[in-house]
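Asker: Please read through the structure below; I'll follow up with questions.
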Amino acid sequence: MTGRRVILYCGAAARGQAWARIVHETTEDFELQVWPDFGAANDIEYLVAWTIPTGLIAKLPRLRAVFSVGAGVDQLDLAAIPANLPLARMLEPGIEACLTSYVAMAVLALHRDLPAYLAQQRAGIWRPLPVHPPSACRVGLLGLGRLGMAAAMTVRGLGFPVAGWSRLAKAIDGIACHCGADGLARLLAVSDILVCLLPLTVETRGILNAENFARLPRGAGLINAGRGGHLVEADLLDALASGQVGAAVLDVTETEPLDAEHPFWRHEHILLTPHVGAVTQTDTGIAALLDNIRRHVRGESLEGLVNRARGY
Ligand SMILES: NC(=O)c1ccc[n+]([C@@H]2O[C@H](COP(=O)([O-])OP(=O)(O)OC[C@H]3O[C@@H](n4cnc5c(N)ncnc54)[C@H](OP(=O)(O)O)[C@@H]3O)[C@@H](O)[C@H]2O)c1
């Protein structure tokens, strides 16, 4: 590579400073500057961001590609990124490792009735509930992409029968694969625990809704580790009240953080975590970003290239 390439980071300042220091200490090929204190706009060729301030891209005349700091791109206004700039999401092993451990935790918590036992403990009740092996609990995954696949393998490794749903047909050893509208109905019918690991797009927004809850086996568990916009929150409250959904583990919500009065906070059938399913890890995240930029410099296509028309 000839010359030092300048990357502009736009996101949480503390992470930006840490990334800038590590890039400075580990490579002479790149310099990472942190918005809003960057040098000459003309030097910046790559932008890595969570969200992009309005008008920033227009001020960077030599920008060649944009990277999301995270695995998803739904937080970005895709229409505001010129079509000639490739956009890539973050693919790094730290995200997969964190997310799969989160899904394993949530599946086990629902399978072993943790929400019910937490409520019983608070009420001073000693009451065993029926105990079943993982082989008796079918897990359905919405999304069989990078994270859905990794989660499917982890959950299968714990002994649960696993099925999954994607946009295009897939064949994966040991996983019952479904796709399309009919496939969704088939997947829901065999999901004692349903896990959402979809990207948030026009097509997937609100997919966790009353109509789809009604297709689940009665008392099914729900895990949303995708995005808050996948869930119609009022429909979940109704489904929990009727017993159609037995309990839910939610890592993401429509508004983050939740309003102080939101019914999810104190709902005895909901376990809530503050969007921590996975976080881009510093070492592996920087390595993945720089590898991807090197790929671009060599004229190769980017890993995690986003298809704007699909929205993921
Ligand atoms: N909670 C957290 O902390 C956290 C952390 C990281 C990521 N996430 C979420 O996880 C999401 C998935 O990440 P990923 O890396 O696995 O994404 P990915 O590799 O792009 O996979 C997306 C999967 O969803 C499927 N899909 C998309 N639209 C669909 C539709 N309309 N109908 C059926 N299937 C559809 C895709 O089908 P095809 O395979 O046919 O394309 C693919 O299997 C991210 O977008 C983000 O929202 C959450």
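Following the order of the structure tokens, first chain is A, next is B, and so on, with residues numbered from 1 inside each chain and ligands from 1 in the order they appear.
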I'd like to know which residues of segment 24-190 of chain A are strand (DSSP E or B) (by DSSP, run on the backbone); could you write them as an MDAnalysis selection string?
Answerer: chainID A and resid 30:34 44:49 65:68 87:88 139:142 162:166 172 175:179
Asker: Distance limit 6 Å, reference ligand 1, atoms considered: only C-alpha atoms and all ligand atoms. Which residues make the cut? Give them as a list in words.
Answerer: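 Listing the residues within 6 Å of ligand 1 gives Ala71, Gly72, Gly143, Leu144, Gly145, Arg146, Leu147, Gly148, Trp165, Ser166, Arg167, Leu168, Leu197, Leu198, Pro199, Leu200, Glu203, Thr204, Ala225, Gly226, Arg227, Asp251, His275, Val276, Gly277, Ala278 and Tyr312 of chain A.
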Asker: Write out, as a compact mmCIF listing (two decimals), in the first residue's frame, the residues just selected, with N, CA, C and O atoms.
Answerer:
```
# COMPACT_ATOMS: atom_id res chain seq x y z
N ALA A 71 -23.09 -4.34 13.26
CA ALA A 71 -23.48 -5.40 12.32
C ALA A 71 -24.65 -4.98 11.44
O ALA A 71 -24.82 -5.51 10.35
N GLY A 72 -25.48 -4.05 11.91
CA GLY A 72 -26.65 -3.62 11.14
C GLY A 72 -26.40 -2.25 10.51
O GLY A 72 -25.44 -1.55 10.87
N GLY A 143 -34.15 -15.39 10.47
CA GLY A 143 -32.83 -14.90 10.03
C GLY A 143 -31.82 -16.01 10.13
O GLY A 143 -31.60 -16.58 11.20
N LEU A 144 -31.25 -16.36 8.97
CA LEU A 144 -30.20 -17.39 8.93
C LEU A 144 -28.98 -16.81 8.25
O LEU A 144 -28.39 -17.43 7.37
N GLY A 145 -28.64 -15.58 8.65
CA GLY A 145 -27.47 -14.93 8.08
C GLY A 145 -26.27 -15.25 8.95
O GLY A 145 -26.18 -16.29 9.59
N ARG A 146 -25.35 -14.31 8.95
CA ARG A 146 -24.10 -14.52 9.70
C ARG A 146 -24.39 -14.85 11.18
O ARG A 146 -23.88 -15.82 11.71
N LEU A 147 -25.25 -14.05 11.81
CA LEU A 147 -25.51 -14.26 13.24
C LEU A 147 -26.54 -15.35 13.46
O LEU A 147 -26.40 -16.16 14.40
N GLY A 148 -27.57 -15.40 12.61
CA GLY A 148 -28.58 -16.45 12.75
C GLY A 148 -27.95 -17.83 12.61
O GLY A 148 -28.27 -18.75 13.38
N TRP A 165 -35.45 -19.45 9.21
CA TRP A 165 -36.17 -18.80 8.11
C TRP A 165 -35.31 -17.72 7.49
O TRP A 165 -34.69 -16.93 8.22
N SER A 166 -35.25 -17.71 6.17
CA SER A 166 -34.48 -16.69 5.47
C SER A 166 -35.27 -16.22 4.25
O SER A 166 -36.34 -16.76 3.95
N ARG A 167 -34.74 -15.23 3.55
CA ARG A 167 -35.44 -14.70 2.38
C ARG A 167 -35.31 -15.69 1.22
O ARG A 167 -36.26 -16.05 0.58
N LEU A 168 -34.06 -16.15 1.00
CA LEU A 168 -33.80 -17.10 -0.08
C LEU A 168 -33.70 -18.51 0.51
O LEU A 168 -33.31 -18.67 1.69
N LEU A 197 -33.47 -12.71 14.66
CA LEU A 197 -32.13 -12.18 14.32
C LEU A 197 -32.15 -11.68 12.88
O LEU A 197 -31.26 -11.99 12.09
N LEU A 198 -33.21 -10.93 12.58
CA LEU A 198 -33.35 -10.35 11.24
C LEU A 198 -32.74 -8.95 11.22
O LEU A 198 -32.69 -8.28 12.26
N PRO A 199 -32.37 -8.47 10.03
CA PRO A 199 -32.07 -7.04 9.92
C PRO A 199 -33.40 -6.28 9.87
O PRO A 199 -34.42 -6.84 9.43
N LEU A 200 -33.40 -5.04 10.31
CA LEU A 200 -34.63 -4.24 10.26
C LEU A 200 -34.73 -3.58 8.89
O LEU A 200 -33.90 -2.75 8.53
N GLU A 203 -39.44 -4.70 4.88
CA GLU A 203 -40.16 -5.98 4.90
C GLU A 203 -40.25 -6.62 6.28
O GLU A 203 -41.18 -7.39 6.54
N THR A 204 -39.28 -6.38 7.13
CA THR A 204 -39.26 -7.10 8.41
C THR A 204 -39.80 -6.26 9.57
O THR A 204 -40.01 -6.81 10.66
N ALA A 225 -33.52 -10.34 19.56
CA ALA A 225 -32.14 -9.82 19.59
C ALA A 225 -31.84 -9.12 18.27
O ALA A 225 -30.68 -8.89 17.95
N GLY A 226 -32.91 -8.82 17.50
CA GLY A 226 -32.73 -8.11 16.22
C GLY A 226 -32.74 -6.61 16.48
O GLY A 226 -31.76 -6.04 16.95
N ARG A 227 -33.89 -5.99 16.22
CA ARG A 227 -34.06 -4.57 16.49
C ARG A 227 -35.45 -4.35 17.08
O ARG A 227 -36.38 -5.12 16.81
N ASP A 251 -33.80 -7.84 24.02
CA ASP A 251 -32.55 -7.08 24.13
C ASP A 251 -32.69 -5.70 23.50
O ASP A 251 -31.85 -4.83 23.72
N HIS A 275 -29.86 -3.65 25.12
CA HIS A 275 -29.17 -3.73 23.83
C HIS A 275 -27.68 -4.06 23.99
O HIS A 275 -26.79 -3.29 23.60
N VAL A 276 -27.47 -5.22 24.60
CA VAL A 276 -26.09 -5.66 24.85
C VAL A 276 -25.82 -7.03 24.25
O VAL A 276 -24.82 -7.67 24.57
N GLY A 277 -26.74 -7.50 23.37
CA GLY A 277 -26.56 -8.83 22.78
C GLY A 277 -25.17 -8.99 22.22
O GLY A 277 -24.50 -9.99 22.44
N ALA A 278 -24.74 -8.00 21.49
CA ALA A 278 -23.37 -8.00 20.97
C ALA A 278 -22.90 -6.56 20.84
O ALA A 278 -23.69 -5.66 20.57
N TYR A 312 -30.22 -4.50 3.51
CA TYR A 312 -29.28 -5.17 4.43
C TYR A 312 -28.15 -5.82 3.66
O TYR A 312 -28.19 -5.85 2.44
```
Asker: From the options A:Pro217, A:Gly140, A:Gly159, A:Gly304, which residue's atoms come nearest to Gly183 of chain A, counting only C-alpha atoms?
Answerer: A:Gly140
Asker: Just to confirm, what's the straight-line distance from atom CA of Leu110 of chain A to atom CA of Gly221 of chain A in Å (one decimal)?
Answerer: 6.3 Å
Asker: From the list A:Leu141, A:Leu237, A:Leu216, A:Leu250, which residue is nearest Val195 of chain A when using only C-alpha atoms?
Answerer: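 For Val195 of chain A, the nearest of the given residues is A:Leu141.
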Asker: For each of A:Ala185, A:Ile22, A:Leu99, A:Ala247, take the minimum atom-to-atom distance to Tyr117 of chain A, counting only C-alpha atoms, then give the residue where this is smallest.
Answerer: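 Under the stated criterion, the closest residue is A:Ala247.
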Asker: For the contact check between segment 189-288 of chain A and segment 122-135 of chain A, emit one row per residue of segment 189-288 of chain A within 12 Å, containing the shortest atom pair and the distance in Å rounded to one decimal, counting only C-alpha atoms, chain then rising number order, as a tab-separated table.
Answerer:
```
residue	atom	partner	partner_atom	distance
A:Asp192	CA	A:Pro134	CA	10.8
A:Ile193	CA	A:Pro134	CA	11.1
A:Glu268	CA	A:Arg122	CA	10.3
```
Asker: Compile the contact shell of Phe30 of chain A as a PyMOL selection string: residues with an atom at most 6 Å away, counting only C-alpha atoms, same-chain residues fewer than 5 positions apart removed.
Answerer: chain A and resi 4-6
Asker: Can you tell me, as a PyMOL selection string, what residues are no more than 12 Å from Arg15 of chain A when counting only C-alpha atoms, ignoring any on the same chain fewer than 2 positions away?
Answerer: chain A and resi 9-13+17-22+32-35+48-50+69+279-283+285-286
Asker: Write out as an NGL selection string all residues of segment 26-239 of chain A that backbone DSSP assigns to alpha helix (DSSP H).
Answerer: :A and (26 or 93-111 or 114-122 or 146-157 or 180-189 or 210-214 or 233-239)
Asker: Keeping C-alpha atoms, export the residues of the selection given above as a PDB file, in the first residue's frame.
Answerer:
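That gives us part17.pdb:
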```pdb
ATOM      1  CA  THR A  26      -0.297  -0.831  15.317  1.00  0.00           C
ATOM      2  CA  PRO A  93     -15.847 -12.524  15.161  1.00  0.00           C
ATOM      3  CA  GLY A  94     -16.356 -10.675  18.466  1.00  0.00           C
ATOM      4  CA  ILE A  95     -19.942  -9.786  17.492  1.00  0.00           C
ATOM      5  CA  GLU A  96     -20.709 -13.415  16.646  1.00  0.00           C
ATOM      6  CA  ALA A  97     -19.158 -14.701  19.877  1.00  0.00           C
ATOM      7  CA  CYS A  98     -21.149 -12.226  22.004  1.00  0.00           C
ATOM      8  CA  LEU A  99     -24.440 -12.679  20.149  1.00  0.00           C
ATOM      9  CA  THR A 100     -24.353 -16.477  20.212  1.00  0.00           C
ATOM     10  CA  SER A 101     -23.692 -16.467  23.955  1.00  0.00           C
ATOM     11  CA  TYR A 102     -26.632 -14.065  24.399  1.00  0.00           C
ATOM     12  CA  VAL A 103     -28.983 -16.269  22.371  1.00  0.00           C
ATOM     13  CA  ALA A 104     -27.822 -19.363  24.282  1.00  0.00           C
ATOM     14  CA  MET A 105     -28.469 -17.564  27.581  1.00  0.00           C
ATOM     15  CA  ALA A 106     -31.930 -16.451  26.458  1.00  0.00           C
ATOM     16  CA  VAL A 107     -32.972 -19.839  25.037  1.00  0.00           C
ATOM     17  CA  LEU A 108     -31.851 -21.586  28.218  1.00  0.00           C
ATOM     18  CA  ALA A 109     -33.578 -18.972  30.399  1.00  0.00           C
ATOM     19  CA  LEU A 110     -36.894 -19.546  28.605  1.00  0.00           C
ATOM     20  CA  HIS A 111     -36.517 -23.311  28.372  1.00  0.00           C
ATOM     21  CA  LEU A 114     -36.308 -18.455  34.532  1.00  0.00           C
ATOM     22  CA  PRO A 115     -38.918 -15.626  34.335  1.00  0.00           C
ATOM     23  CA  ALA A 116     -41.391 -17.772  36.317  1.00  0.00           C
ATOM     24  CA  TYR A 117     -38.778 -18.782  38.903  1.00  0.00           C
ATOM     25  CA  LEU A 118     -37.657 -15.150  39.368  1.00  0.00           C
ATOM     26  CA  ALA A 119     -41.289 -14.195  40.047  1.00  0.00           C
ATOM     27  CA  GLN A 120     -41.730 -17.141  42.411  1.00  0.00           C
ATOM     28  CA  GLN A 121     -38.522 -16.271  44.264  1.00  0.00           C
ATOM     29  CA  ARG A 122     -39.680 -12.661  44.783  1.00  0.00           C
ATOM     30  CA  ARG A 146     -24.102 -14.518   9.699  1.00  0.00           C
ATOM     31  CA  LEU A 147     -25.513 -14.255  13.239  1.00  0.00           C
ATOM     32  CA  GLY A 148     -28.579 -16.449  12.752  1.00  0.00           C
ATOM     33  CA  MET A 149     -26.398 -19.285  11.441  1.00  0.00           C
ATOM     34  CA  ALA A 150     -23.901 -18.957  14.284  1.00  0.00           C
ATOM     35  CA  ALA A 151     -26.758 -18.908  16.816  1.00  0.00           C
ATOM     36  CA  ALA A 152     -28.400 -21.919  15.123  1.00  0.00           C
ATOM     37  CA  MET A 153     -25.205 -23.966  15.498  1.00  0.00           C
ATOM     38  CA  THR A 154     -24.764 -22.945  19.148  1.00  0.00           C
ATOM     39  CA  VAL A 155     -28.378 -23.723  20.074  1.00  0.00           C
ATOM     40  CA  ARG A 156     -28.261 -27.031  18.201  1.00  0.00           C
ATOM     41  CA  GLY A 157     -25.085 -27.848  20.121  1.00  0.00           C
ATOM     42  CA  GLY A 180     -40.909 -17.032   1.966  1.00  0.00           C
ATOM     43  CA  ALA A 181     -44.399 -16.389   3.332  1.00  0.00           C
ATOM     44  CA  ASP A 182     -45.441 -20.082   3.471  1.00  0.00           C
ATOM     45  CA  GLY A 183     -42.113 -20.914   5.047  1.00  0.00           C
ATOM     46  CA  LEU A 184     -42.717 -18.352   7.785  1.00  0.00           C
ATOM     47  CA  ALA A 185     -46.019 -19.977   8.752  1.00  0.00           C
ATOM     48  CA  ARG A 186     -44.317 -23.402   8.804  1.00  0.00           C
ATOM     49  CA  LEU A 187     -41.466 -22.134  10.953  1.00  0.00           C
ATOM     50  CA  LEU A 188     -43.772 -20.418  13.448  1.00  0.00           C
ATOM     51  CA  ALA A 189     -45.868 -23.583  13.839  1.00  0.00           C
ATOM     52  CA  ALA A 210     -50.335 -10.611  16.786  1.00  0.00           C
ATOM     53  CA  GLU A 211     -50.935 -12.508  13.537  1.00  0.00           C
ATOM     54  CA  ASN A 212     -47.593 -14.270  13.766  1.00  0.00           C
ATOM     55  CA  PHE A 213     -47.837 -14.850  17.535  1.00  0.00           C
ATOM     56  CA  ALA A 214     -51.152 -16.661  16.854  1.00  0.00           C
ATOM     57  CA  GLU A 233     -45.003  -4.005  21.568  1.00  0.00           C
ATOM     58  CA  ALA A 234     -48.755  -3.784  22.242  1.00  0.00           C
ATOM     59  CA  ASP A 235     -49.264  -7.135  20.466  1.00  0.00           C
ATOM     60  CA  LEU A 236     -46.680  -8.766  22.723  1.00  0.00           C
ATOM     61  CA  LEU A 237     -48.397  -7.413  25.836  1.00  0.00           C
ATOM     62  CA  ASP A 238     -51.716  -8.844  24.598  1.00  0.00           C
ATOM     63  CA  ALA A 239     -50.139 -12.200  23.717  1.00  0.00           C
TER      64      ALA A 239
END
```
Asker: Quick one, how far is atom CA of Gly3 of chain A from atom CA of Pro36 of chain A?
Answerer: 23.5 Å
Asker: Hey, which of A:Ser191, A:Val306, A:Ala176, A:Gly39 ends up closest to Arg138 of chain A? Count only C-alpha atoms.
Answerer: A:Ser191
